[in-house]
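**Q** Quick one, start15.txt (compact mmCIF, C-alpha atoms and all ligand atoms):
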# COMPACT_ATOMS: atom_id res chain seq x y z
CA MET A 1 0.00 0.00 0.00
CA SER A 2 1.71 3.23 -1.14
CA ARG A 3 1.37 5.97 1.50
CA LEU A 4 1.09 9.42 -0.09
CA ASP A 5 2.87 12.60 0.82
CA ARG A 6 0.58 15.65 1.08
CA SER A 7 2.30 17.12 -1.98
CA GLU A 8 1.30 14.06 -4.06
CA VAL A 9 -2.43 14.16 -3.27
CA ARG A 10 -3.73 16.51 -5.97
CA ALA A 11 -1.99 14.65 -8.78
CA ALA A 12 -3.11 11.29 -7.38
CA VAL A 13 -6.74 12.43 -7.16
CA ARG A 14 -6.63 14.02 -10.59
CA SER A 15 -5.40 10.80 -12.19
CA ALA A 16 -7.79 8.57 -10.21
CA VAL A 17 -10.78 10.73 -11.13
CA ALA A 18 -9.78 10.84 -14.79
CA ALA A 19 -9.18 7.07 -14.95
CA GLN A 20 -12.37 5.93 -13.19
CA PRO A 21 -15.20 4.94 -15.60
CA VAL A 22 -18.53 6.53 -14.62
CA THR A 23 -21.85 4.75 -14.24
CA ASP A 24 -24.09 7.69 -15.18
CA MET A 25 -27.25 7.25 -13.08
CA HIS A 26 -29.57 9.76 -14.77
CA THR A 27 -29.68 10.83 -18.43
CA HIS A 28 -32.26 11.39 -21.17
CA LEU A 29 -30.18 9.52 -23.74
CA TYR A 30 -31.21 6.69 -26.04
CA PRO A 31 -29.43 4.15 -28.24
CA PRO A 32 -29.91 4.12 -32.06
CA THR A 33 -32.63 1.46 -31.71
CA PHE A 34 -34.98 4.33 -30.74
CA GLY A 35 -34.31 6.07 -34.08
CA THR A 36 -32.47 9.34 -34.66
CA PRO A 37 -33.56 12.53 -36.47
CA VAL A 38 -29.92 13.48 -37.07
CA PRO A 39 -28.60 13.13 -40.67
CA HIS A 40 -25.72 10.64 -40.76
CA ARG A 41 -23.66 8.51 -43.11
CA GLY A 42 -26.14 7.50 -45.83
CA GLN A 43 -28.78 6.18 -43.42
CA PRO A 44 -32.45 7.17 -43.27
CA THR A 45 -33.34 9.51 -40.41
CA ASP A 46 -36.41 9.21 -38.21
CA PRO A 47 -37.88 12.70 -37.58
CA ALA A 48 -39.42 11.46 -34.30
CA GLY A 49 -36.32 9.49 -33.34
CA LEU A 50 -35.23 9.76 -29.71
CA MET A 51 -31.46 9.46 -30.05
CA LEU A 52 -30.20 13.05 -30.14
CA TRP A 53 -26.57 13.82 -30.99
CA GLY A 54 -24.40 16.09 -33.17
CA VAL A 55 -23.70 19.81 -33.33
CA ASP A 56 -27.20 21.07 -34.17
CA GLU A 57 -28.74 19.18 -31.23
CA LEU A 58 -25.84 20.23 -28.99
CA VAL A 59 -26.29 23.92 -29.82
CA THR A 60 -30.11 23.84 -29.55
CA TYR A 61 -30.03 22.22 -26.05
CA HIS A 62 -32.92 23.80 -24.18
CA TYR A 63 -30.54 25.53 -21.75
CA LEU A 64 -29.13 27.49 -24.74
CA ILE A 65 -32.57 28.28 -26.14
CA ALA A 66 -33.39 29.96 -22.83
CA GLU A 67 -30.10 31.86 -22.99
CA VAL A 68 -30.50 33.06 -26.58
CA PHE A 69 -33.95 34.48 -25.80
CA ARG A 70 -32.21 36.71 -23.28
CA VAL A 71 -30.05 38.14 -26.05
CA VAL A 72 -32.73 38.27 -28.76
CA PRO A 73 -35.96 38.61 -26.77
CA ALA A 74 -39.34 37.43 -28.00
CA THR A 75 -40.26 41.05 -28.70
CA LYS A 76 -37.66 40.94 -31.48
CA LEU A 77 -37.96 37.26 -32.45
CA PRO A 78 -41.39 35.89 -31.53
CA TYR A 79 -41.33 32.41 -30.00
CA GLU A 80 -43.44 30.91 -32.77
CA GLN A 81 -41.04 32.32 -35.36
CA PHE A 82 -38.11 30.62 -33.59
CA TRP A 83 -39.98 27.33 -33.29
CA ALA A 84 -40.87 27.52 -37.02
CA MET A 85 -37.16 27.51 -37.87
CA SER A 86 -35.44 24.26 -38.82
CA LYS A 87 -33.12 22.71 -36.23
CA SER A 88 -30.11 24.02 -38.19
CA GLU A 89 -31.60 27.52 -38.46
CA GLN A 90 -32.19 27.53 -34.69
CA ALA A 91 -28.61 26.37 -34.14
CA ASP A 92 -27.24 29.06 -36.47
CA HIS A 93 -29.26 31.71 -34.60
CA ILE A 94 -27.88 30.50 -31.24
CA TRP A 95 -24.33 30.18 -32.54
CA LYS A 96 -24.39 33.74 -33.96
CA HIS A 97 -25.74 35.37 -30.80
CA LEU A 98 -24.11 33.30 -28.03
CA PHE A 99 -20.84 32.11 -29.57
CA VAL A 100 -19.88 34.64 -32.28
CA GLU A 101 -21.29 38.00 -31.17
CA ARG A 102 -20.84 37.21 -27.47
CA THR A 103 -18.37 35.20 -25.43
CA PRO A 104 -19.68 31.67 -24.62
CA ILE A 105 -18.94 32.13 -20.94
CA SER A 106 -22.06 30.52 -19.39
CA GLU A 107 -21.73 26.88 -18.23
CA ALA A 108 -24.03 25.57 -20.98
CA CYS A 109 -22.08 27.51 -23.63
CA ARG A 110 -18.70 26.48 -22.21
CA GLY A 111 -19.90 22.89 -22.34
CA VAL A 112 -20.33 23.06 -26.11
CA VAL A 113 -16.81 24.48 -26.41
CA THR A 114 -15.36 21.68 -24.24
CA THR A 115 -17.16 19.00 -26.24
CA LEU A 116 -16.13 20.32 -29.66
CA SER A 117 -12.52 20.72 -28.51
CA LYS A 118 -12.34 17.20 -27.08
CA LEU A 119 -13.80 15.82 -30.31
CA GLY A 120 -10.84 17.47 -32.06
CA LEU A 121 -12.99 20.14 -33.74
CA ASP A 122 -12.53 23.91 -33.79
CA PRO A 123 -15.02 25.56 -31.39
CA GLY A 124 -14.01 28.98 -32.74
CA VAL A 125 -15.64 28.54 -36.16
CA LYS A 126 -17.82 31.46 -37.25
CA HIS A 127 -20.42 29.19 -38.85
CA LEU A 128 -21.63 25.70 -37.98
CA ASP A 129 -21.49 24.66 -41.64
CA GLN A 130 -17.78 24.28 -40.99
CA LEU A 131 -18.58 21.48 -38.49
CA ARG A 132 -21.71 19.81 -39.86
CA PRO A 133 -19.99 17.62 -42.48
CA TRP A 134 -17.87 15.95 -39.77
CA PHE A 135 -20.96 14.98 -37.79
CA ARG A 136 -22.77 13.78 -40.91
CA GLU A 137 -19.90 11.33 -41.42
CA GLN A 138 -20.53 9.65 -38.05
CA ASP A 139 -22.33 6.36 -37.57
CA PRO A 140 -24.65 6.75 -34.52
CA SER A 141 -23.71 3.53 -32.76
CA GLY A 142 -20.00 3.96 -33.37
CA TYR A 143 -20.32 7.56 -32.24
CA ILE A 144 -21.85 6.38 -28.95
CA ASP A 145 -18.73 4.26 -28.38
CA ARG A 146 -16.51 7.24 -29.26
CA VAL A 147 -18.31 9.61 -26.89
CA MET A 148 -18.47 7.07 -24.05
CA GLU A 149 -14.72 6.50 -24.43
CA LEU A 150 -13.97 10.25 -24.48
CA ALA A 151 -16.21 10.86 -21.46
CA ASN A 152 -15.02 7.62 -19.76
CA VAL A 153 -18.62 6.59 -19.14
CA SER A 154 -19.16 2.82 -18.85
CA SER A 155 -22.95 2.76 -18.56
CA ILE A 156 -25.76 5.18 -19.49
CA THR A 157 -29.00 5.14 -17.48
CA MET A 158 -32.02 6.21 -19.54
CA THR A 159 -35.22 7.97 -18.47
CA ASN A 160 -38.01 5.92 -20.04
CA ALA A 161 -41.14 8.06 -20.21
CA VAL A 162 -43.77 5.38 -20.51
CA PHE A 163 -46.60 7.93 -20.90
CA ASP A 164 -44.90 9.45 -23.95
CA ASP A 165 -46.72 7.88 -26.94
CA ASN A 166 -43.64 8.11 -29.17
CA GLU A 167 -41.44 6.19 -26.74
CA ARG A 168 -44.17 3.80 -25.54
CA ASN A 169 -45.09 2.73 -29.07
CA ARG A 170 -41.44 2.04 -29.85
CA TRP A 171 -41.22 -0.27 -26.83
CA LEU A 172 -44.47 -2.00 -27.82
CA ALA A 173 -43.17 -2.49 -31.36
CA GLY A 174 -40.15 -4.26 -29.85
CA ILE A 175 -36.80 -2.71 -28.95
CA GLN A 176 -33.52 -4.63 -29.05
CA PRO A 177 -31.68 -3.97 -25.76
CA ASP A 178 -28.42 -2.06 -26.07
CA PRO A 179 -25.96 -3.24 -23.35
CA ARG A 180 -24.55 0.28 -23.02
CA PHE A 181 -27.90 1.54 -21.72
CA THR A 182 -30.04 0.63 -18.71
CA GLY A 183 -33.72 1.43 -18.22
CA VAL A 184 -35.59 3.52 -15.67
CA LEU A 185 -39.38 3.79 -15.46
CA ARG A 186 -40.36 7.45 -15.17
CA LEU A 187 -43.73 7.99 -13.49
CA ASP A 188 -44.46 11.75 -13.43
CA GLN A 189 -47.77 11.51 -15.27
CA LEU A 190 -48.95 8.48 -13.29
CA LEU A 191 -48.37 10.17 -9.95
CA LEU A 192 -49.15 13.79 -10.78
CA ASP A 193 -52.01 13.52 -13.27
CA TRP A 194 -54.41 11.01 -11.72
CA PRO A 195 -57.23 10.30 -12.70
CA ASN A 196 -56.24 11.24 -16.28
CA SER A 197 -53.32 8.80 -16.05
CA GLY A 198 -55.76 6.22 -14.77
CA LYS A 199 -57.89 6.71 -17.87
CA LYS A 200 -54.78 6.03 -20.00
CA LEU A 201 -54.10 2.81 -18.07
CA ALA A 202 -57.72 1.78 -18.72
CA ASP A 203 -57.20 2.49 -22.46
CA TRP A 204 -54.12 0.25 -22.27
CA GLY A 205 -56.15 -2.61 -20.84
CA TYR A 206 -55.70 -2.22 -17.08
CA GLN A 207 -58.91 -2.50 -15.03
CA VAL A 208 -58.52 0.75 -13.10
CA SER A 209 -61.08 3.30 -11.93
CA PRO A 210 -60.56 6.78 -10.41
CA GLU A 211 -61.25 5.43 -6.90
CA PHE A 212 -58.52 3.29 -5.39
CA GLY A 213 -60.38 0.05 -4.72
CA ASP A 214 -58.41 -3.19 -4.40
CA GLN A 215 -58.75 -3.97 -8.11
CA THR A 216 -57.38 -0.58 -9.15
CA VAL A 217 -54.45 -0.95 -6.76
CA MET A 218 -53.64 -4.42 -8.10
CA GLU A 219 -54.01 -3.28 -11.73
CA VAL A 220 -51.74 -0.26 -11.25
CA ARG A 221 -49.18 -2.64 -9.72
CA ARG A 222 -49.59 -4.91 -12.77
CA PHE A 223 -48.97 -1.92 -15.06
CA LEU A 224 -45.82 -1.04 -13.11
CA ASN A 225 -44.52 -4.59 -13.19
CA ASP A 226 -45.31 -4.98 -16.90
CA TRP A 227 -43.28 -1.87 -17.74
CA CYS A 228 -40.49 -2.50 -15.27
CA ASP A 229 -40.09 -5.85 -17.02
CA ARG A 230 -40.31 -4.31 -20.49
CA VAL A 231 -37.67 -1.62 -19.87
CA SER A 232 -35.69 -3.79 -17.41
CA ALA A 233 -35.95 -0.93 -14.94
CA ILE A 234 -33.03 -0.70 -12.51
CA TYR A 235 -35.06 1.83 -10.53
CA CYS A 236 -38.30 3.81 -10.85
CA ALA A 237 -38.28 7.62 -10.84
CA VAL A 238 -40.41 10.72 -10.58
CA SER A 239 -39.81 14.45 -10.77
CA LEU A 240 -41.95 16.29 -8.20
CA PRO A 241 -42.92 19.97 -7.83
CA PRO A 242 -41.59 22.16 -5.00
CA ASP A 243 -44.93 21.94 -3.17
CA PHE A 244 -44.82 18.13 -3.02
CA HIS A 245 -45.70 17.02 0.49
CA TYR A 246 -46.11 13.55 1.96
CA PRO A 247 -48.61 12.86 3.34
CA ASP A 248 -50.90 15.17 1.39
CA PHE A 249 -53.80 12.68 1.40
CA ASP A 250 -54.09 12.95 -2.37
CA ALA A 251 -53.92 10.48 -5.28
CA CYS A 252 -50.13 10.81 -5.43
CA ASP A 253 -49.90 9.59 -1.81
CA THR A 254 -52.13 6.60 -2.50
CA LEU A 255 -50.27 5.66 -5.68
CA LEU A 256 -46.94 5.94 -3.88
CA ALA A 257 -47.98 4.05 -0.75
CA LYS A 258 -50.16 1.34 -2.32
CA CYS A 259 -48.59 0.85 -5.74
CA VAL A 260 -45.18 2.31 -6.54
CA LEU A 261 -43.35 1.65 -3.27
CA PRO A 262 -44.74 -1.88 -2.78
CA VAL A 263 -43.72 -2.77 -6.36
CA CYS A 264 -40.23 -1.29 -5.90
CA GLU A 265 -39.87 -3.18 -2.61
CA ALA A 266 -41.03 -6.47 -4.14
CA ARG A 267 -38.65 -5.99 -7.09
CA ASP A 268 -35.90 -4.84 -4.69
CA ILE A 269 -35.22 -1.70 -6.74
CA PRO A 270 -34.90 1.89 -5.46
CA PHE A 271 -37.33 4.73 -6.08
CA ALA A 272 -35.81 8.04 -7.23
CA MET A 273 -37.45 11.34 -6.33
CA MET A 274 -36.21 14.48 -8.08
CA ILE A 275 -37.93 17.23 -6.15
CA GLY A 276 -38.39 20.92 -6.88
CA SER A 277 -39.18 21.24 -10.59
CA ARG A 278 -41.73 23.95 -11.28
CA ARG A 279 -42.93 23.04 -14.78
CA GLY A 280 -44.05 25.48 -17.50
CA VAL A 281 -43.12 28.81 -15.92
CA ASN A 282 -42.79 30.23 -19.43
CA PRO A 283 -44.58 27.65 -21.62
CA GLN A 284 -43.48 29.27 -24.89
CA LEU A 285 -39.93 28.11 -24.15
CA ARG A 286 -41.16 24.47 -24.30
CA ASP A 287 -38.42 22.18 -22.80
CA ALA A 288 -36.74 25.32 -21.46
CA ALA A 289 -39.96 26.46 -19.77
CA ASP A 290 -39.25 25.03 -16.31
CA MET A 291 -37.56 26.33 -13.21
CA GLY A 292 -37.09 25.23 -9.63
CA GLY A 293 -38.32 26.09 -6.16
CA LEU A 294 -37.76 25.36 -2.48
CA ALA A 295 -39.13 21.93 -1.53
CA ASP A 296 -39.95 20.07 1.69
CA VAL A 297 -37.23 17.76 3.03
CA GLN A 298 -39.42 16.54 5.89
CA SER A 299 -41.63 14.77 3.32
CA VAL A 300 -38.55 12.81 2.25
CA CYS A 301 -37.89 11.92 5.89
CA THR A 302 -41.51 10.78 6.37
CA LEU A 303 -41.28 8.47 3.34
CA CYS A 304 -37.91 7.04 4.44
CA ARG A 305 -39.30 6.49 7.96
CA GLU A 306 -42.63 4.98 6.91
CA PHE A 307 -41.15 2.77 4.19
CA PRO A 308 -37.95 1.41 5.79
CA ARG A 309 -37.77 -1.53 3.37
CA ASN A 310 -37.72 0.81 0.35
CA ARG A 311 -34.56 2.50 -0.88
CA PHE A 312 -34.77 6.11 -2.09
CA PHE A 313 -32.53 8.08 -4.41
CA VAL A 314 -33.24 11.77 -3.85
CA THR A 315 -32.00 14.95 -5.48
CA MET A 316 -33.48 18.40 -4.99
CA LEU A 317 -33.41 21.38 -7.31
CA ALA A 318 -33.13 24.25 -4.82
CA ARG A 319 -29.65 25.18 -3.58
CA GLU A 320 -31.33 26.05 -0.27
CA ASN A 321 -32.50 22.43 0.20
CA GLN A 322 -29.07 20.85 -0.07
CA HIS A 323 -27.81 21.09 3.50
CA GLU A 324 -31.07 19.86 5.08
CA LEU A 325 -31.23 17.00 2.56
CA ALA A 326 -27.69 15.93 3.43
CA VAL A 327 -28.58 16.01 7.15
CA ALA A 328 -31.70 13.94 6.37
CA ALA A 329 -29.44 11.34 4.74
CA ARG A 330 -27.56 11.08 8.06
CA LYS A 331 -30.84 9.99 9.63
CA PHE A 332 -31.85 7.35 7.07
CA GLY A 333 -29.61 4.64 5.59
CA ASN A 334 -32.29 3.98 2.95
CA LEU A 335 -31.81 7.52 1.58
CA MET A 336 -29.09 8.07 -1.04
CA VAL A 337 -28.53 11.67 -2.09
CA PHE A 338 -27.37 12.18 -5.65
CA GLY A 339 -26.33 14.74 -8.25
CA CYS A 340 -26.12 18.48 -8.69
CA TRP A 341 -29.32 18.65 -10.65
CA TRP A 342 -30.11 21.02 -13.54
CA PHE A 343 -29.64 24.63 -12.35
CA LEU A 344 -27.22 23.31 -9.70
CA ASN A 345 -24.98 21.76 -12.34
CA ASN A 346 -22.64 24.76 -12.34
CA PRO A 347 -19.06 24.93 -11.04
CA SER A 348 -19.71 27.21 -8.07
CA LEU A 349 -22.62 25.06 -6.82
CA ILE A 350 -21.07 21.66 -7.58
CA ASP A 351 -18.11 22.76 -5.46
CA GLU A 352 -20.28 24.05 -2.59
CA ILE A 353 -22.69 21.12 -2.57
CA THR A 354 -20.04 18.40 -2.96
CA ARG A 355 -18.06 19.96 -0.13
CA LEU A 356 -20.97 20.00 2.34
CA ARG A 357 -22.04 16.49 1.33
CA ILE A 358 -18.60 14.95 1.91
CA GLU A 359 -18.29 16.78 5.23
CA LEU A 360 -21.66 15.38 6.35
CA LEU A 361 -21.85 12.02 4.53
CA GLY A 362 -18.26 10.99 3.81
CA THR A 363 -18.20 8.62 0.86
CA THR A 364 -21.92 7.67 1.14
CA VAL A 365 -23.18 10.00 -1.56
CA ILE A 366 -23.38 10.04 -5.37
CA PRO A 367 -21.93 13.44 -6.27
CA GLN A 368 -23.12 13.72 -9.84
CA HIS A 369 -25.18 12.55 -12.77
CA SER A 370 -25.01 14.15 -16.22
CA ASP A 371 -28.71 14.63 -17.06
CA ALA A 372 -27.47 14.63 -20.66
CA ARG A 373 -30.17 14.94 -23.32
CA ILE A 374 -27.76 15.02 -26.26
CA LEU A 375 -25.19 12.22 -26.40
CA ASP A 376 -22.21 14.53 -27.01
CA GLN A 377 -22.93 16.34 -23.72
CA LEU A 378 -21.47 13.40 -21.80
CA VAL A 379 -18.04 14.68 -22.86
CA TYR A 380 -18.36 18.09 -21.20
CA LYS A 381 -20.65 17.26 -18.32
CA TRP A 382 -18.26 14.63 -17.02
CA ASP A 383 -15.09 16.56 -17.88
CA HIS A 384 -16.30 19.55 -15.90
CA SER A 385 -17.69 17.54 -12.98
CA ARG A 386 -14.69 15.22 -12.62
CA LYS A 387 -12.41 18.22 -12.19
CA LEU A 388 -14.70 19.90 -9.66
CA ILE A 389 -15.26 16.73 -7.61
CA GLY A 390 -11.53 16.02 -7.76
CA THR A 391 -10.65 19.48 -6.41
CA VAL A 392 -12.96 19.04 -3.42
CA LEU A 393 -11.72 15.50 -2.77
CA ALA A 394 -8.08 16.54 -2.89
CA GLU A 395 -8.66 19.26 -0.29
CA LYS A 396 -10.51 16.82 1.99
CA TYR A 397 -7.64 14.34 1.70
CA GLU A 398 -5.10 17.06 2.48
CA ASP A 399 -7.09 17.95 5.59
CA LEU A 400 -7.08 14.25 6.52
CA ILE A 401 -3.32 13.97 6.08
CA ASP A 402 -2.90 17.10 8.18
CA ALA A 403 -4.91 15.30 10.88
CA GLY A 404 -2.37 12.47 10.74
CA TRP A 405 -4.09 9.90 8.51
CA PRO A 406 -1.68 7.69 6.48
CA LEU A 407 -3.52 8.12 3.19
CA THR A 408 -2.71 5.67 0.38
CA ARG A 409 -3.25 5.78 -3.37
CA GLU A 410 -5.33 2.61 -3.09
CA GLU A 411 -7.74 4.41 -0.73
CA ILE A 412 -8.13 7.25 -3.19
CA ASP A 413 -8.80 4.81 -6.04
CA ARG A 414 -11.36 2.95 -3.91
CA ASP A 415 -13.18 6.16 -2.88
CA VAL A 416 -13.25 7.56 -6.42
CA ARG A 417 -14.61 4.24 -7.72
CA GLY A 418 -17.37 4.62 -5.15
CA PHE A 419 -18.17 8.24 -5.96
CA LEU A 420 -18.33 7.65 -9.72
CA SER A 421 -19.79 4.16 -9.90
CA ASP A 422 -19.89 1.66 -7.01
CA THR A 423 -22.02 3.68 -4.56
CA PHE A 424 -24.74 3.84 -7.22
CA THR A 425 -24.49 0.20 -8.30
CA GLY A 426 -24.22 -0.91 -4.66
CA PHE A 427 -27.38 0.98 -3.69
CA LEU A 428 -29.20 -0.63 -6.60
CA LYS A 429 -28.40 -4.02 -5.08
CA GLY A 430 -29.40 -3.04 -1.54
O1 LIG B 1 -37.06 16.14 -15.04
C1 LIG B 1 -35.87 15.91 -15.31
O2 LIG B 1 -35.36 14.76 -15.41
C2 LIG B 1 -35.00 17.13 -15.56
O3 LIG B 1 -33.64 16.71 -15.61
C3 LIG B 1 -35.43 17.77 -16.86
O4 LIG B 1 -35.28 16.81 -17.90
C4 LIG B 1 -34.69 19.05 -17.20
O5 LIG B 1 -35.33 19.64 -18.31
C5 LIG B 1 -33.26 18.84 -17.60
O6 LIG B 1 -32.96 18.55 -18.73
N1 LIG B 1 -32.36 19.05 -16.65
O7 LIG B 1 -31.04 18.97 -16.91
ZN ZN B 2 -33.34 14.74 -16.04
What does this structure look like when you write it as structure tokens?
Ligand code: HDL
Ligand code: ZN
**A**
Amino acid sequence: MSRLDRSEVRAAVRSAVAAQPVTDMHTHLYPPTFGTPVPHRGQPTDPAGLMLWGVDELVTYHYLIAEVFRVVPATKLPYEQFWAMSKSEQADHIWKHLFVERTPISEACRGVVTTLSKLGLDPGVKHLDQLRPWFREQDPSGYIDRVMELANVSSITMTNAVFDDNERNRWLAGIQPDPRFTGVLRLDQLLLDWPNSGKKLADWGYQVSPEFGDQTVMEVRRFLNDWCDRVSAIYCAVSLPPDFHYPDFDACDTLLAKCVLPVCEARDIPFAMMIGSRRGVNPQLRDAADMGGLADVQSVCTLCREFPRNRFFVTMLARENQHELAVAARKFGNLMVFGCWWFLNNPSLIDEITRLRIELLGTTVIPQHSDARILDQLVYKWDHSRKLIGTVLAEKYEDLIDAGWPLTREEIDRDVRGFLSDTFTGFLKG
């Protein structure tokens, strides 16, 4: 076991963090079997395809759409005029205003620069036509391998929106599993839009009614099991609004307590709650319409206390919830805190939140997920986060050495493996 000198720590952490493959626990990515709308080497595209990749998708990421409307407001470019543009026209508009006429200094802009650079392309081009031919030459599946290698990501966890007709019909038509991807059943509509979601289940052949009699409970469980089987769900997930409370004595409570949590317990899989998303604040921005708000950590504690045989992944969207959530995790071993979600996925907040989490939880936390929606984003999201997590870790190890601990390289490798992969996969197993 090689004991490290304090002066060796930063380099040792940097290399361990760079070398450790990531199991990415939450993304919106799909393999080519779900179709792709992106033009590529002589293959037909699928306009409704779910696999998004390449420079036009990268530059029209909804974070950048929100940012370009701050530069060219809707009073100058009406939303419907922007949405009527082609994907390439939208990308050219964003590139002009955020990358050519202004410095791409925001985190979402810098991410595009990092990705293009690491792909060996010139991020300083004045027009995207200088980059498009390179992407058109890519084969989607081979490109997935290339991006996963660049990002050092070993497994991609999907978000399978079973209430989305486009995705659901693809599953029902038969999808060949892709070993690089794992499935997650996403249940927002089921939990937040009852009884409308119940009507959809009835259309799909489940004997459910708006009231929660025994038959409805059993049929909702059958629906959950059918789809967990179909997508081979490694966990189930929901995104909840800031005003989510448990108990609230509403349909969401009943569905959680009588259907979702019993099914997750029986299948021995965790339930992930992503809490604080306020949807549709500015609907005309579509995917970019949402924002976050302060949520209730005590509801998380109540669920962890009342369902001790369930395991919960939890992330919250408000910076102000992070400390209380980390303290809650000290109270419940069935609570695993994860990620710097969405508007927290910025250097200053990743640093702050990772620091407080390690101080309170040690190695029993999952510092990050990518939330990537476009495949290429894996390159920048993990490049940026690895460096930030590594900086915090190195400082914590230096403090430990100062306290007299004989730190070894093997310990650093073991901890980094946990932070970037094993803590997640271990919690899946229970
Ligand atoms: O609900 C979610 O899973 C969020 O991550 C949303 O998809 C959000 O729009 C997003 O892309 N965050 O990064
Ligand atoms: Zn997400």
**Q** Suppose you want the space between atom CA of A:Ile234 and atom CA of A:Leu428; what is it in Å?
**A** 7.0 Å
**Q** I'd like the neighbourhood of A:Lys429 as a PyMOL selection string, where a residue qualifies if any of its atoms comes within 9 Å (using all atoms listed in the file), though same-chain residues fewer than 3 positions away should be ignored.
**A** chain A and resi 268-270+424-426
**Q** Would you kindly return, as a ChimeraX atom specification, each protein, DNA or RNA residue with an atom no farther than 9 Å from any atom of A:Tyr397, considering only C-alpha atoms and excluding same-chain residues fewer than 6 positions away?
**A** /A:6,9-10,405,407,412
**Q** Measure the distance from atom CA of A:Val379 to atom CA of A:Asn321 in Å and round it to one decimal.
**A**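 For atom CA of A:Val379 relative to atom CA of A:Asn321, the distance reads 28.3 Å.
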**Q** List the spatial neighbours of A:Tyr61 as a list in words - criterion: any atom at most 12 Å away, only C-alpha atoms, same-chain residues fewer than 5 positions off excluded.
**A** Leu52, Trp53, Gly54, Val55, Asp56, Ala66, Glu67, Val68, Lys87, Gln90, Ala91, Ile94, Trp95, Ala108, Cys109, Gly111, Val112, Leu285, Arg286, Asp287, Ala288, Asp371, Ala372, Arg373, Ile374, Leu375, Asp376 and Gln377 of chain A
**Q** Could you report the residues within 10 Å of ligand ZN 2 (chain B), using only C-alpha atoms and all ligand atoms, as number ranges by chain?
**A** A: 26-29, 158-159, 238-239, 274, 341-342, 369-373
**Q** Using all atoms listed in the file, which residues sit within 12 Å of A:Tyr30 once same-chain residues fewer than 5 positions away are excluded, as an MDAnalysis selection string?
**A** chainID A and resid 35:36 49:53 140:141 144 155:161 167 170 175:184 372:376
**Q** Let's have the selection written as a PDB file, in the coordinates of the input, with C-alpha atoms.
**A**
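Produced file again.pdb, reproduced below:
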ATOM      1  CA  GLY A  35     -34.310   6.070 -34.080  1.00  0.00           C
ATOM      2  CA  THR A  36     -32.470   9.340 -34.660  1.00  0.00           C
ATOM      3  CA  GLY A  49     -36.320   9.490 -33.340  1.00  0.00           C
ATOM      4  CA  LEU A  50     -35.230   9.760 -29.710  1.00  0.00           C
ATOM      5  CA  MET A  51     -31.460   9.460 -30.050  1.00  0.00           C
ATOM      6  CA  LEU A  52     -30.200  13.050 -30.140  1.00  0.00           C
ATOM      7  CA  TRP A  53     -26.570  13.820 -30.990  1.00  0.00           C
ATOM      8  CA  PRO A 140     -24.650   6.750 -34.520  1.00  0.00           C
ATOM      9  CA  SER A 141     -23.710   3.530 -32.760  1.00  0.00           C
ATOM     10  CA  ILE A 144     -21.850   6.380 -28.950  1.00  0.00           C
ATOM     11  CA  SER A 155     -22.950   2.760 -18.560  1.00  0.00           C
ATOM     12  CA  ILE A 156     -25.760   5.180 -19.490  1.00  0.00           C
ATOM     13  CA  THR A 157     -29.000   5.140 -17.480  1.00  0.00           C
ATOM     14  CA  MET A 158     -32.020   6.210 -19.540  1.00  0.00           C
ATOM     15  CA  THR A 159     -35.220   7.970 -18.470  1.00  0.00           C
ATOM     16  CA  ASN A 160     -38.010   5.920 -20.040  1.00  0.00           C
ATOM     17  CA  ALA A 161     -41.140   8.060 -20.210  1.00  0.00           C
ATOM     18  CA  GLU A 167     -41.440   6.190 -26.740  1.00  0.00           C
ATOM     19  CA  ARG A 170     -41.440   2.040 -29.850  1.00  0.00           C
ATOM     20  CA  ILE A 175     -36.800  -2.710 -28.950  1.00  0.00           C
ATOM     21  CA  GLN A 176     -33.520  -4.630 -29.050  1.00  0.00           C
ATOM     22  CA  PRO A 177     -31.680  -3.970 -25.760  1.00  0.00           C
ATOM     23  CA  ASP A 178     -28.420  -2.060 -26.070  1.00  0.00           C
ATOM     24  CA  PRO A 179     -25.960  -3.240 -23.350  1.00  0.00           C
ATOM     25  CA  ARG A 180     -24.550   0.280 -23.020  1.00  0.00           C
ATOM     26  CA  PHE A 181     -27.900   1.540 -21.720  1.00  0.00           C
ATOM     27  CA  THR A 182     -30.040   0.630 -18.710  1.00  0.00           C
ATOM     28  CA  GLY A 183     -33.720   1.430 -18.220  1.00  0.00           C
ATOM     29  CA  VAL A 184     -35.590   3.520 -15.670  1.00  0.00           C
ATOM     30  CA  ALA A 372     -27.470  14.630 -20.660  1.00  0.00           C
ATOM     31  CA  ARG A 373     -30.170  14.940 -23.320  1.00  0.00           C
ATOM     32  CA  ILE A 374     -27.760  15.020 -26.260  1.00  0.00           C
ATOM     33  CA  LEU A 375     -25.190  12.220 -26.400  1.00  0.00           C
ATOM     34  CA  ASP A 376     -22.210  14.530 -27.010  1.00  0.00           C
TER      35      ASP A 376
END
**Q** Using only C-alpha atoms, which residue out of A:Thr216, A:Gln138, A:Ser106, A:Thr315 lies closest to A:Lys199?
**A**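 Of all the options, A:Thr216 lies closest to A:Lys199.
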**Q** Considering all atoms listed in the file, state which residue in the set A:Trp134, A:Tyr380, A:Phe34, A:Phe244 is at the smallest distance from A:Trp171.
**A** A:Phe34
**Q** Using all atoms listed in the file, find the one residue out of A:Ile105, A:Ala19, A:Val297, A:Leu317 that sits nearest to ligand LIG 1 (chain B).
**A** A:Leu317
**Q** Between A:Gly339, A:Gly390, A:Gly404, A:Gly362, single out the one closest to A:Met25, counting only C-alpha atoms.
**A** A:Gly339
